[in-house]
>>> print(open('data-v7.cif').read())   # mmCIF, C-alpha atoms
data_data
loop_
_atom_site.label_atom_id
_atom_site.label_comp_id
_atom_site.auth_asym_id
_atom_site.auth_seq_id
_atom_site.Cartn_x
_atom_site.Cartn_y
_atom_site.Cartn_z
CA VAL A 1381 191.54 -197.01 -129.08
CA LEU A 1382 194.73 -194.97 -129.38
CA PHE A 1383 196.88 -194.02 -126.41
CA ARG A 1384 198.95 -190.91 -127.07
CA SER A 1385 201.11 -188.76 -124.79
CA VAL A 1386 201.87 -185.09 -125.36
CA TYR A 1387 204.27 -183.52 -122.85
CA ALA A 1388 206.42 -180.50 -122.41
CA SER A 1389 210.11 -180.70 -121.71
CA GLY A 1390 210.68 -181.57 -118.07
CA ASP A 1391 207.17 -183.00 -117.53
CA MET A 1392 208.34 -186.20 -115.84
CA ASN A 1393 204.85 -187.52 -114.99
CA THR A 1394 203.80 -187.51 -118.65
CA LEU A 1395 207.14 -188.96 -119.70
CA MET A 1396 206.79 -191.80 -117.20
CA MET A 1397 203.28 -192.50 -118.48
CA GLU A 1398 204.64 -192.91 -122.02
CA ILE A 1399 207.31 -195.31 -120.76
CA ILE A 1400 204.72 -197.31 -118.82
CA MET A 1401 202.54 -197.68 -121.93
CA ASP A 1402 205.40 -199.49 -123.71
CA LYS A 1403 205.35 -202.41 -121.23
CA GLU A 1404 203.79 -205.84 -121.84
CA TYR A 1405 202.53 -206.31 -118.27
CA TYR A 1406 201.42 -203.91 -115.55
CA SER A 1407 201.06 -204.06 -111.79
CA ILE A 1408 197.73 -203.34 -110.15
CA GLY A 1409 199.06 -199.94 -109.04
CA GLU A 1410 200.02 -199.02 -112.60
CA ILE A 1411 196.63 -200.09 -113.99
CA ALA A 1412 194.94 -198.08 -111.23
CA GLU A 1413 196.88 -194.97 -112.28
CA ILE A 1414 196.54 -195.46 -116.04
CA CYS A 1415 192.81 -196.23 -115.99
CA ASN A 1416 191.83 -194.12 -112.97
CA ILE A 1417 190.33 -197.10 -111.16
CA PRO A 1418 190.92 -197.53 -107.39
CA ILE A 1419 193.07 -200.53 -106.44
CA ARG A 1420 190.26 -201.78 -104.18
CA THR A 1421 187.88 -201.77 -107.16
CA LEU A 1422 190.39 -203.66 -109.34
CA ARG A 1423 190.71 -206.32 -106.64
CA TYR A 1424 186.93 -206.62 -106.55
CA TYR A 1425 186.84 -207.01 -110.35
CA ASP A 1426 189.42 -209.78 -109.97
CA GLU A 1427 187.35 -211.57 -107.29
CA ILE A 1428 184.17 -211.62 -109.37
CA GLY A 1429 185.94 -212.51 -112.61
CA LEU A 1430 185.24 -209.24 -114.41
CA LEU A 1431 188.87 -208.24 -114.99
CA VAL A 1432 191.37 -210.94 -113.96
CA PRO A 1433 195.13 -210.28 -114.28
CA GLU A 1434 196.59 -212.57 -116.95
CA LYS A 1435 200.01 -213.24 -115.41
CA ARG A 1436 201.02 -214.52 -111.96
CA ASP A 1437 204.57 -214.39 -110.58
CA ILE A 1438 205.05 -217.81 -108.95
CA GLU A 1439 207.72 -216.63 -106.50
CA SER A 1440 206.04 -213.44 -105.28
CA SER A 1441 202.41 -214.39 -106.07
CA TYR A 1442 202.02 -210.92 -107.61
CA ARG A 1443 199.57 -210.72 -110.48
CA TYR A 1444 200.03 -208.59 -113.59
CA TYR A 1445 197.69 -207.24 -116.23
CA ALA A 1446 198.48 -207.61 -119.93
CA ARG A 1447 198.62 -204.55 -122.17
CA HIS A 1448 195.32 -205.37 -123.90
CA GLN A 1449 193.58 -205.41 -120.50
CA ILE A 1450 194.03 -201.62 -120.34
CA LEU A 1451 191.46 -201.46 -123.10
CA GLN A 1452 189.17 -203.84 -121.16
CA ALA A 1453 189.47 -201.68 -118.05
CA ASN A 1454 188.53 -198.56 -120.02
CA ILE A 1455 185.58 -200.33 -121.63
CA ILE A 1456 184.35 -201.28 -118.16
CA ASN A 1457 184.71 -197.63 -117.11
CA GLN A 1458 182.59 -196.53 -120.07
CA PHE A 1459 179.87 -199.06 -119.23
CA LYS A 1460 179.81 -197.78 -115.64
CA ILE A 1461 179.45 -194.18 -116.86
CA GLN A 1462 176.50 -195.31 -118.99
CA GLY A 1463 174.80 -196.75 -115.90
CA TYR A 1464 175.37 -200.47 -116.42
CA SER A 1465 175.40 -202.77 -113.40
CA ILE A 1466 178.29 -205.20 -112.84
CA LYS A 1467 176.06 -208.08 -113.99
CA GLU A 1468 175.14 -206.17 -117.16
CA ILE A 1469 178.80 -205.32 -117.85
CA LYS A 1470 179.82 -208.99 -117.58
CA HIS A 1471 177.03 -209.96 -119.98
CA GLN A 1472 177.98 -207.18 -122.39
CA LEU A 1473 181.67 -208.15 -122.42
CA ALA A 1474 180.84 -211.83 -122.96
CA ASN A 1475 178.39 -211.18 -125.80
CA ASN A 1476 179.63 -207.91 -127.27
CA SER A 1477 178.21 -206.97 -130.68
CA VAL A 1478 176.80 -203.91 -132.40
CA SER A 1479 173.26 -205.29 -132.26
CA LEU A 1480 173.53 -206.06 -128.53
CA SER A 1481 175.10 -202.66 -127.88
CA GLU A 1482 172.22 -200.95 -129.67
CA GLU A 1483 169.66 -202.99 -127.74
CA THR A 1484 171.21 -202.32 -124.34
CA LEU A 1485 171.82 -198.64 -125.11
CA ASN A 1486 168.16 -198.21 -126.08
CA GLN A 1487 167.18 -199.89 -122.82
CA LYS A 1488 169.50 -197.67 -120.78
CA HIS A 1489 168.25 -194.59 -122.61
CA ALA A 1490 164.65 -195.50 -121.77
CA GLU A 1491 165.56 -196.12 -118.13
CA LEU A 1492 167.35 -192.76 -117.94
CA LYS A 1493 164.37 -190.90 -119.44
CA LYS A 1494 162.10 -192.56 -116.87
CA THR A 1495 164.45 -191.58 -114.03
CA ILE A 1496 164.62 -187.98 -115.30
CA ALA A 1497 160.82 -187.82 -115.49
CA GLU A 1498 160.53 -189.14 -111.92
CA LEU A 1499 163.12 -186.64 -110.68
CA ASN A 1500 161.30 -183.79 -112.45
CA LYS A 1501 158.08 -184.79 -110.69
CA LEU A 1502 159.91 -184.98 -107.36
CA GLU A 1503 161.44 -181.54 -107.96
CA LYS A 1504 157.98 -180.06 -108.60
CA ARG A 1505 156.57 -181.74 -105.48
CA LEU A 1506 159.41 -180.49 -103.26
CA GLY A 1507 159.00 -177.03 -104.79
CA PHE A 1508 155.32 -177.18 -103.91
CA PHE A 1509 156.17 -178.08 -100.30
CA LEU A 1510 158.57 -175.13 -100.12
CA GLU A 1511 155.77 -172.85 -101.33
CA CYS A 1512 153.53 -174.19 -98.56
CA LEU A 1513 156.09 -173.18 -95.94
CA LYS A 1514 155.67 -169.52 -96.97
CA TYR A 1515 152.15 -169.36 -95.45
CA GLN A 1516 153.28 -168.24 -92.01
CA ASP A 1517 152.31 -164.57 -91.76
CA HIS A 1518 149.35 -165.35 -89.42
CA GLN A 1519 146.95 -163.32 -91.53
CA LEU A 1520 143.45 -164.65 -92.18
CA HIS A 1521 143.58 -164.01 -95.94
CA LEU A 1522 139.81 -164.25 -96.11
CA GLN A 1523 138.68 -163.91 -99.72
CA LEU A 1524 136.40 -165.08 -102.49
CA LYS A 1525 138.38 -167.47 -104.65
CA GLU A 1526 137.92 -169.38 -107.92
CA ILE A 1527 139.11 -173.00 -107.66
CA PRO A 1528 140.12 -174.63 -110.98
CA GLU A 1529 139.06 -178.08 -112.16
CA ILE A 1530 141.40 -180.86 -110.99
CA TYR A 1531 141.57 -184.65 -110.83
CA ILE A 1532 141.80 -186.22 -107.39
CA ALA A 1533 142.38 -189.64 -105.87
CA TYR A 1534 139.94 -190.08 -102.99
CA VAL A 1535 138.76 -192.22 -100.08
CA ARG A 1536 135.35 -191.47 -98.59
CA GLN A 1537 134.16 -193.01 -95.33
CA GLN A 1538 131.61 -192.38 -92.58
CA GLY A 1539 132.83 -192.80 -89.02
CA LEU A 1540 134.98 -191.26 -86.32
CA ALA A 1541 136.67 -187.94 -87.03
CA ASP A 1542 139.43 -188.05 -84.41
CA GLN A 1543 143.14 -187.83 -85.22
CA ALA A 1544 143.67 -191.60 -85.32
CA ALA A 1545 140.76 -192.03 -87.75
CA PHE A 1546 142.17 -189.31 -90.01
CA MET A 1547 145.61 -190.94 -90.01
CA ARG A 1548 143.98 -194.22 -91.03
CA ARG A 1549 142.14 -192.50 -93.89
CA PHE A 1550 145.34 -190.80 -95.04
CA SER A 1551 147.19 -194.15 -94.98
CA GLU A 1552 144.47 -195.72 -97.11
CA LEU A 1553 144.74 -192.84 -99.57
CA ASN A 1554 148.52 -193.29 -99.85
CA THR A 1555 148.05 -197.03 -100.40
CA LEU A 1556 145.44 -196.31 -103.08
CA CYS A 1557 147.87 -194.04 -104.93
CA ARG A 1558 150.72 -196.56 -104.77
CA LYS A 1559 148.56 -199.48 -105.95
CA ASN A 1560 147.34 -197.49 -108.94
CA ASN A 1561 150.69 -195.81 -109.75
CA LEU A 1562 149.20 -192.36 -109.21
CA GLU A 1563 151.50 -189.34 -108.89
CA PRO A 1564 150.34 -186.81 -106.25
CA ILE A 1565 151.01 -183.17 -107.14
CA GLY A 1566 149.52 -181.43 -104.12
CA ASN A 1567 148.80 -181.73 -100.43
CA ILE A 1568 146.17 -183.88 -98.78
CA MET A 1569 142.64 -182.45 -98.48
CA ALA A 1570 139.58 -183.37 -96.43
CA ARG A 1571 135.95 -182.72 -97.46
CA TYR A 1572 133.16 -182.63 -94.89
CA TYR A 1573 129.87 -183.64 -96.51
CA ASP A 1574 127.68 -183.26 -93.40
CA ASP A 1575 125.67 -180.13 -92.72
CA TYR A 1576 128.06 -177.96 -90.72
CA GLN A 1577 125.22 -177.14 -88.28
CA GLN A 1578 124.69 -180.83 -87.52
CA TYR A 1579 128.27 -182.10 -87.59
CA ASP A 1580 128.77 -185.27 -85.49
CA PRO A 1581 132.48 -186.14 -84.88
CA ASP A 1582 131.47 -189.69 -83.92
CA CYS A 1583 129.81 -190.38 -87.28
CA ALA A 1584 131.11 -187.92 -89.86
CA ASP A 1585 130.92 -188.30 -93.63
CA ILE A 1586 134.48 -187.35 -94.65
CA GLU A 1587 136.46 -187.76 -97.83
CA VAL A 1588 140.23 -187.43 -97.91
CA SER A 1589 141.79 -186.74 -101.30
CA ILE A 1590 144.82 -185.44 -103.13
CA GLN A 1591 145.36 -183.88 -106.54
CA ILE A 1592 147.13 -186.20 -108.97
CA ASP A 1593 148.97 -185.90 -112.27
CA LEU A 1594 146.19 -187.39 -114.39
CA ASN A 1595 143.49 -186.11 -116.73
CA HIS A 1596 140.95 -188.95 -116.73
CA GLU A 1597 138.75 -190.72 -114.20
CA ILE A 1598 139.19 -194.20 -112.71
CA GLY A 1599 136.05 -195.64 -111.16
CA GLY A 1600 136.17 -195.58 -107.36
CA VAL A 1601 139.75 -194.29 -107.41
CA VAL A 1602 140.05 -191.03 -109.37
CA ARG A 1603 137.41 -188.47 -110.24
CA LYS A 1604 137.26 -185.03 -111.77
CA GLU A 1605 136.62 -182.27 -109.26
CA PRO A 1606 134.83 -179.45 -111.14
CA GLY A 1607 135.95 -175.89 -110.62
CA TYR A 1608 133.88 -173.75 -108.23
CA LEU A 1609 133.70 -170.47 -106.37
CA CYS A 1610 134.54 -170.60 -102.68
CA VAL A 1611 135.23 -168.50 -99.63
CA SER A 1612 138.83 -169.16 -98.65
CA ALA A 1613 140.72 -168.45 -95.42
CA LEU A 1614 143.87 -169.57 -93.64
CA HIS A 1615 143.72 -171.16 -90.21
CA TYR A 1616 146.83 -171.14 -88.01
CA GLY A 1617 147.35 -173.55 -85.15
CA PRO A 1618 145.64 -176.70 -83.78
CA TYR A 1619 142.82 -178.35 -85.70
CA ARG A 1620 140.62 -178.23 -82.60
CA ASP A 1621 140.50 -174.43 -82.94
CA GLU A 1622 139.35 -174.45 -86.57
CA TYR A 1623 135.77 -173.66 -85.54
CA LYS A 1624 136.95 -170.10 -84.78
CA THR A 1625 138.09 -169.58 -88.36
CA TYR A 1626 134.93 -171.21 -89.72
CA THR A 1627 132.87 -168.80 -87.60
CA LEU A 1628 134.72 -165.81 -89.07
CA MET A 1629 134.14 -167.20 -92.57
CA MET A 1630 130.40 -167.69 -91.99
CA GLU A 1631 130.08 -164.17 -90.58
CA TRP A 1632 131.90 -162.77 -93.62
CA MET A 1633 129.64 -164.74 -95.97
CA LYS A 1634 126.51 -163.49 -94.23
CA LYS A 1635 127.78 -159.92 -94.40
CA ASN A 1636 128.39 -160.28 -98.15
CA ASN A 1637 125.09 -162.09 -98.88
CA LEU A 1638 126.78 -165.37 -99.78
CA VAL A 1639 125.24 -168.79 -99.16
CA MET A 1640 127.14 -172.04 -98.53
CA CYS A 1641 126.10 -174.60 -101.17
CA GLY A 1642 128.76 -177.32 -100.98
CA PRO A 1643 130.97 -179.28 -98.57
CA ALA A 1644 133.63 -177.61 -96.46
CA LEU A 1645 137.14 -178.37 -97.66
CA GLU A 1646 140.33 -178.36 -95.61
CA TYR A 1647 143.64 -178.16 -97.42
CA TYR A 1648 146.65 -178.95 -95.21
CA LEU A 1649 149.56 -176.64 -96.03
CA ILE A 1650 151.73 -177.13 -92.95
CA ASP A 1651 150.84 -180.30 -91.06
CA PRO A 1652 152.56 -183.05 -89.00
CA ILE A 1653 154.77 -183.85 -92.00
CA PHE A 1654 156.56 -180.54 -91.45
CA THR A 1655 156.35 -179.99 -87.70
CA ASN A 1656 155.46 -181.66 -84.40
CA ASP A 1657 154.28 -178.32 -82.99
CA GLU A 1658 150.56 -178.04 -83.74
CA ASN A 1659 150.76 -174.27 -83.11
CA GLU A 1660 152.73 -174.08 -86.38
CA PHE A 1661 150.05 -175.85 -88.44
CA VAL A 1662 148.53 -173.94 -91.37
CA THR A 1663 145.27 -175.14 -92.94
#
>>> encode(input="data-v7.cif", output="structure tokens")
Amino acid sequence: VLFRSVYASGDMNTLMMEIIMDKEYYSIGEIAEICNIPIRTLRYYDEIGLLVPEKRDIESSYRYYARHQILQANIINQFKIQGYSIKEIKHQLANNSVSLSEETLNQKHAELKKTIAELNKLEKRLGFFLECLKYQDHQLHLQLKEIPEIYIAYVRQQGLADQAAFMRRFSELNTLCRKNNLEPIGNIMARYYDDYQQYDPDCADIEVSIQIDLNHEIGGVVRKEPGYLCVSALHYGPYRDEYKTYTLMMEWMKKNNLVMCGPALEYYLIDPIFTNDENEFVT
């Protein structure tokens, strides 16, 4: 590592830096300035034995860094930039070699790629949520719609269909995804398998699910949901008023000679995650 100063006439700061670099020992303030490391950080390095000043003045108890420790301080800075922890830096300095450097750099590179992949997934998910917030024009948007094939994680149970029961189902679905390292890429959905004309909220056959970033099935956990043709509409407001939107959908289907041949599906665009005001819900 070469230290070189280039300065114009009258540039006293650069001149002083060149003078400082000719010294054998340096105060903590000088090392802080030369290496761009806060004094508080240098004191912490001293406490944990990462970078300990080599010389102590017996009378003043001041401690001084040797010239070669400037290089050590800059090496530590480089390791920090590369994402090494303090523990990893100490190990690297104690066992430094080309082979170890290659091994640790490969490991850090793999960790960084994983972090970037996770952040990319998070960016897509947040972008999806932002798209959901656009559905606030209070129009029915009743239409015939083609739904593509997707893979979903799911939990299907028969029982109560009140809010507490739904929250319990959603919690189980989240737990299922975490246990199986599944990456959700959509919002939570609910399928109602009972005949809509005989729906019993005290004993309803309901499946909660969510689309995931996967392209194969896992028994009892993930399945492929085939594509299908559906009648789609937006419902605004409390869930208890959904029957009004369902009624409009059934009337529209009858008018257009369409017959319901599968379970009703609710897809929650704006839900309690976004707002406490149920009048702002969009389903």
>>> resolve_selection(input="data-v7.cif", expression="the PyMOL selection byres ((chain A and resi 1584) around 10)", output="MDAnalysis selection string")
chainID A and resid 1537:1542 1572:1575 1578:1583 1585:1587
>>> atom_distance(input="data-v7.cif", atom1="CA of Ile1532 in chain A", atom2="CA of Ile1590 in chain A")
5.3 Å
>>> atom_distance(input="data-v7.cif", atom1="CA of Met1569 in chain A", atom2="CA of Tyr1648 in chain A")
6.2 Å
>>> residues_around(input="data-v7.cif", residues="Met1640 in chain A", least_positions_apart="5", cutoff="10 Å", atoms="only C-alpha atoms", output="PyMOL selection string")
chain A and resi 1576+1610-1611+1630+1633-1634
>>> write_last_selection(input="data-v7.cif", atoms="C-alpha atoms", output="PDB file, keeping the file's coordinate frame")
ATOM      1  CA  TYR A1576     128.060-177.960 -90.720  1.00  0.00           C
ATOM      2  CA  CYS A1610     134.540-170.600-102.680  1.00  0.00           C
ATOM      3  CA  VAL A1611     135.230-168.500 -99.630  1.00  0.00           C
ATOM      4  CA  MET A1630     130.400-167.690 -91.990  1.00  0.00           C
ATOM      5  CA  MET A1633     129.640-164.740 -95.970  1.00  0.00           C
ATOM      6  CA  LYS A1634     126.510-163.490 -94.230  1.00  0.00           C
TER       7      LYS A1634
END
>>> resolve_selection(input="data-v7.cif", expression="the PyMOL selection byres ((chain A and resi 1453) around 10)", output="PDB file with C-alpha atoms, keeping the file's coordinate frame")
ATOM      1  CA  ILE A1411     196.630-200.090-113.990  1.00  0.00           C
ATOM      2  CA  ALA A1412     194.940-198.080-111.230  1.00  0.00           C
ATOM      3  CA  ILE A1414     196.540-195.460-116.040  1.00  0.00           C
ATOM      4  CA  CYS A1415     192.810-196.230-115.990  1.00  0.00           C
ATOM      5  CA  ASN A1416     191.830-194.120-112.970  1.00  0.00           C
ATOM      6  CA  ILE A1417     190.330-197.100-111.160  1.00  0.00           C
ATOM      7  CA  LEU A1422     190.390-203.660-109.340  1.00  0.00           C
ATOM      8  CA  TYR A1425     186.840-207.010-110.350  1.00  0.00           C
ATOM      9  CA  LEU A1430     185.240-209.240-114.410  1.00  0.00           C
ATOM     10  CA  LEU A1431     188.870-208.240-114.990  1.00  0.00           C
ATOM     11  CA  HIS A1448     195.320-205.370-123.900  1.00  0.00           C
ATOM     12  CA  GLN A1449     193.580-205.410-120.500  1.00  0.00           C
ATOM     13  CA  ILE A1450     194.030-201.620-120.340  1.00  0.00           C
ATOM     14  CA  LEU A1451     191.460-201.460-123.100  1.00  0.00           C
ATOM     15  CA  GLN A1452     189.170-203.840-121.160  1.00  0.00           C
ATOM     16  CA  ASN A1454     188.530-198.560-120.020  1.00  0.00           C
ATOM     17  CA  ILE A1455     185.580-200.330-121.630  1.00  0.00           C
ATOM     18  CA  ILE A1456     184.350-201.280-118.160  1.00  0.00           C
ATOM     19  CA  ASN A1457     184.710-197.630-117.110  1.00  0.00           C
ATOM     20  CA  GLN A1458     182.590-196.530-120.070  1.00  0.00           C
TER      21      GLN A1458
END
>>> atom_distance(input="data-v7.cif", atom1="CA of Pro1564 in chain A", atom2="CA of Gly1463 in chain A")
28.1 Å
>>> residues_around(input="data-v7.cif", residues="Arg1571 in chain A", least_positions_apart="5", cutoff="8 Å", atoms="all atoms listed in the file", output="compact mmCIF listing (two decimals) with C-alpha atoms, in the frame of the given file")
# COMPACT_ATOMS: atom_id res chain seq x y z
CA ILE A 1586 134.48 -187.35 -94.65
CA GLU A 1587 136.46 -187.76 -97.83
CA VAL A 1588 140.23 -187.43 -97.91
CA PRO A 1643 130.97 -179.28 -98.57
CA ALA A 1644 133.63 -177.61 -96.46
CA LEU A 1645 137.14 -178.37 -97.66
CA GLU A 1646 140.33 -178.36 -95.61
>>> closest_residue(input="data-v7.cif", among="A:Leu1649, A:Ser1589, A:Gly1617, A:Leu1485", to="Phe1546 in chain A", atoms="all atoms listed in the file")
A:Ser1589
>>> resolve_selection(input="data-v7.cif", expression="the PyMOL selection byres ((chain A and resi 1626) around 10)", output="MDAnalysis selection string")
chainID A and resid 1576 1612:1615 1621:1625 1627:1632 1644
>>> residues_near_point(input="data-v7.cif", point="(178.5, -207.7, -123.4)", cutoff="12 Å", atoms="only C-alpha atoms", output="JSON, numbers by chain")
{"A": [1430, 1452, 1455, 1456, 1459, 1464, 1465, 1466, 1467, 1468, 1469, 1470, 1471, 1472, 1473, 1474, 1475, 1476, 1477, 1478, 1479, 1480, 1481, 1482, 1483, 1484, 1485]}
>>> closest_residue(input="data-v7.cif", among="A:Leu1502, A:Cys1512, A:Ile1408, A:Leu1522", to="Glu1563 in chain A", atoms="all atoms listed in the file")
A:Leu1502
>>> closest_residue(input="data-v7.cif", among="A:Lys1635, A:Met1547, A:Arg1620, A:Asn1560", to="Gly1600 in chain A", atoms="only C-alpha atoms")
A:Asn1560
>>> decode(input="data-v7.cif", residues="range 1561-1589 of chain A", atoms="N, CA and C atoms", output="compact mmCIF listing (two decimals), in the first residue's frame")
# COMPACT_ATOMS: atom_id res chain seq x y z
N ASN A 1561 -40.45 -22.43 4.22
CA ASN A 1561 -39.65 -21.45 3.48
C ASN A 1561 -40.29 -21.06 2.15
N LEU A 1562 -41.59 -20.80 2.20
CA LEU A 1562 -42.33 -20.41 1.00
C LEU A 1562 -42.40 -18.89 0.90
N GLU A 1563 -42.23 -18.38 -0.31
CA GLU A 1563 -42.23 -16.93 -0.54
C GLU A 1563 -43.55 -16.48 -1.14
N PRO A 1564 -44.42 -15.81 -0.35
CA PRO A 1564 -45.69 -15.31 -0.90
C PRO A 1564 -45.44 -14.21 -1.93
N ILE A 1565 -46.25 -14.21 -2.99
CA ILE A 1565 -46.12 -13.16 -4.01
C ILE A 1565 -47.47 -12.53 -4.31
N GLY A 1566 -48.41 -12.67 -3.41
CA GLY A 1566 -49.73 -12.08 -3.62
C GLY A 1566 -50.41 -11.81 -2.29
N ASN A 1567 -51.68 -11.52 -2.35
CA ASN A 1567 -52.46 -11.30 -1.14
C ASN A 1567 -53.20 -12.57 -0.75
N ILE A 1568 -53.68 -12.60 0.48
CA ILE A 1568 -54.40 -13.76 0.98
C ILE A 1568 -55.77 -13.87 0.29
N MET A 1569 -56.17 -15.12 0.04
CA MET A 1569 -57.46 -15.42 -0.59
C MET A 1569 -58.25 -16.36 0.30
N ALA A 1570 -59.56 -16.39 0.10
CA ALA A 1570 -60.42 -17.35 0.80
C ALA A 1570 -61.38 -17.98 -0.20
N ARG A 1571 -61.46 -19.31 -0.20
CA ARG A 1571 -62.39 -20.04 -1.07
C ARG A 1571 -63.50 -20.64 -0.22
N TYR A 1572 -64.72 -20.49 -0.72
CA TYR A 1572 -65.90 -21.01 -0.03
C TYR A 1572 -66.44 -22.20 -0.82
N TYR A 1573 -66.24 -23.40 -0.27
CA TYR A 1573 -66.60 -24.61 -1.00
C TYR A 1573 -68.06 -25.01 -0.83
N ASP A 1574 -68.77 -24.44 0.10
CA ASP A 1574 -70.19 -24.77 0.30
C ASP A 1574 -71.05 -24.17 -0.81
N ASP A 1575 -72.17 -24.77 -1.04
CA ASP A 1575 -73.18 -24.22 -1.95
C ASP A 1575 -73.61 -22.86 -1.41
N TYR A 1576 -73.48 -21.83 -2.24
CA TYR A 1576 -73.77 -20.48 -1.76
C TYR A 1576 -75.21 -20.31 -1.27
N GLN A 1577 -76.12 -21.20 -1.76
CA GLN A 1577 -77.52 -21.12 -1.34
C GLN A 1577 -77.75 -21.78 0.02
N GLN A 1578 -76.76 -22.56 0.48
CA GLN A 1578 -76.91 -23.26 1.75
C GLN A 1578 -75.74 -22.94 2.70
N TYR A 1579 -75.20 -21.76 2.58
CA TYR A 1579 -74.02 -21.38 3.35
C TYR A 1579 -74.36 -21.26 4.84
N ASP A 1580 -73.60 -21.95 5.70
CA ASP A 1580 -73.80 -21.93 7.14
C ASP A 1580 -72.55 -21.34 7.80
N PRO A 1581 -72.61 -20.11 8.33
CA PRO A 1581 -71.43 -19.47 8.91
C PRO A 1581 -70.92 -20.16 10.17
N ASP A 1582 -71.74 -21.07 10.74
CA ASP A 1582 -71.30 -21.80 11.94
C ASP A 1582 -70.54 -23.08 11.60
N CYS A 1583 -70.64 -23.51 10.34
CA CYS A 1583 -69.94 -24.73 9.92
C CYS A 1583 -69.63 -24.64 8.43
N ALA A 1584 -68.71 -23.73 8.10
CA ALA A 1584 -68.40 -23.44 6.70
C ALA A 1584 -67.11 -24.13 6.29
N ASP A 1585 -67.12 -24.64 5.06
CA ASP A 1585 -65.94 -25.29 4.49
C ASP A 1585 -65.14 -24.23 3.74
N ILE A 1586 -64.08 -23.72 4.38
CA ILE A 1586 -63.33 -22.57 3.85
C ILE A 1586 -61.85 -22.91 3.76
N GLU A 1587 -61.26 -22.48 2.67
CA GLU A 1587 -59.82 -22.62 2.48
C GLU A 1587 -59.21 -21.23 2.34
N VAL A 1588 -58.18 -20.95 3.12
CA VAL A 1588 -57.43 -19.71 2.95
C VAL A 1588 -56.12 -20.07 2.25
N SER A 1589 -55.68 -19.22 1.33
CA SER A 1589 -54.50 -19.55 0.54
C SER A 1589 -53.79 -18.28 0.11
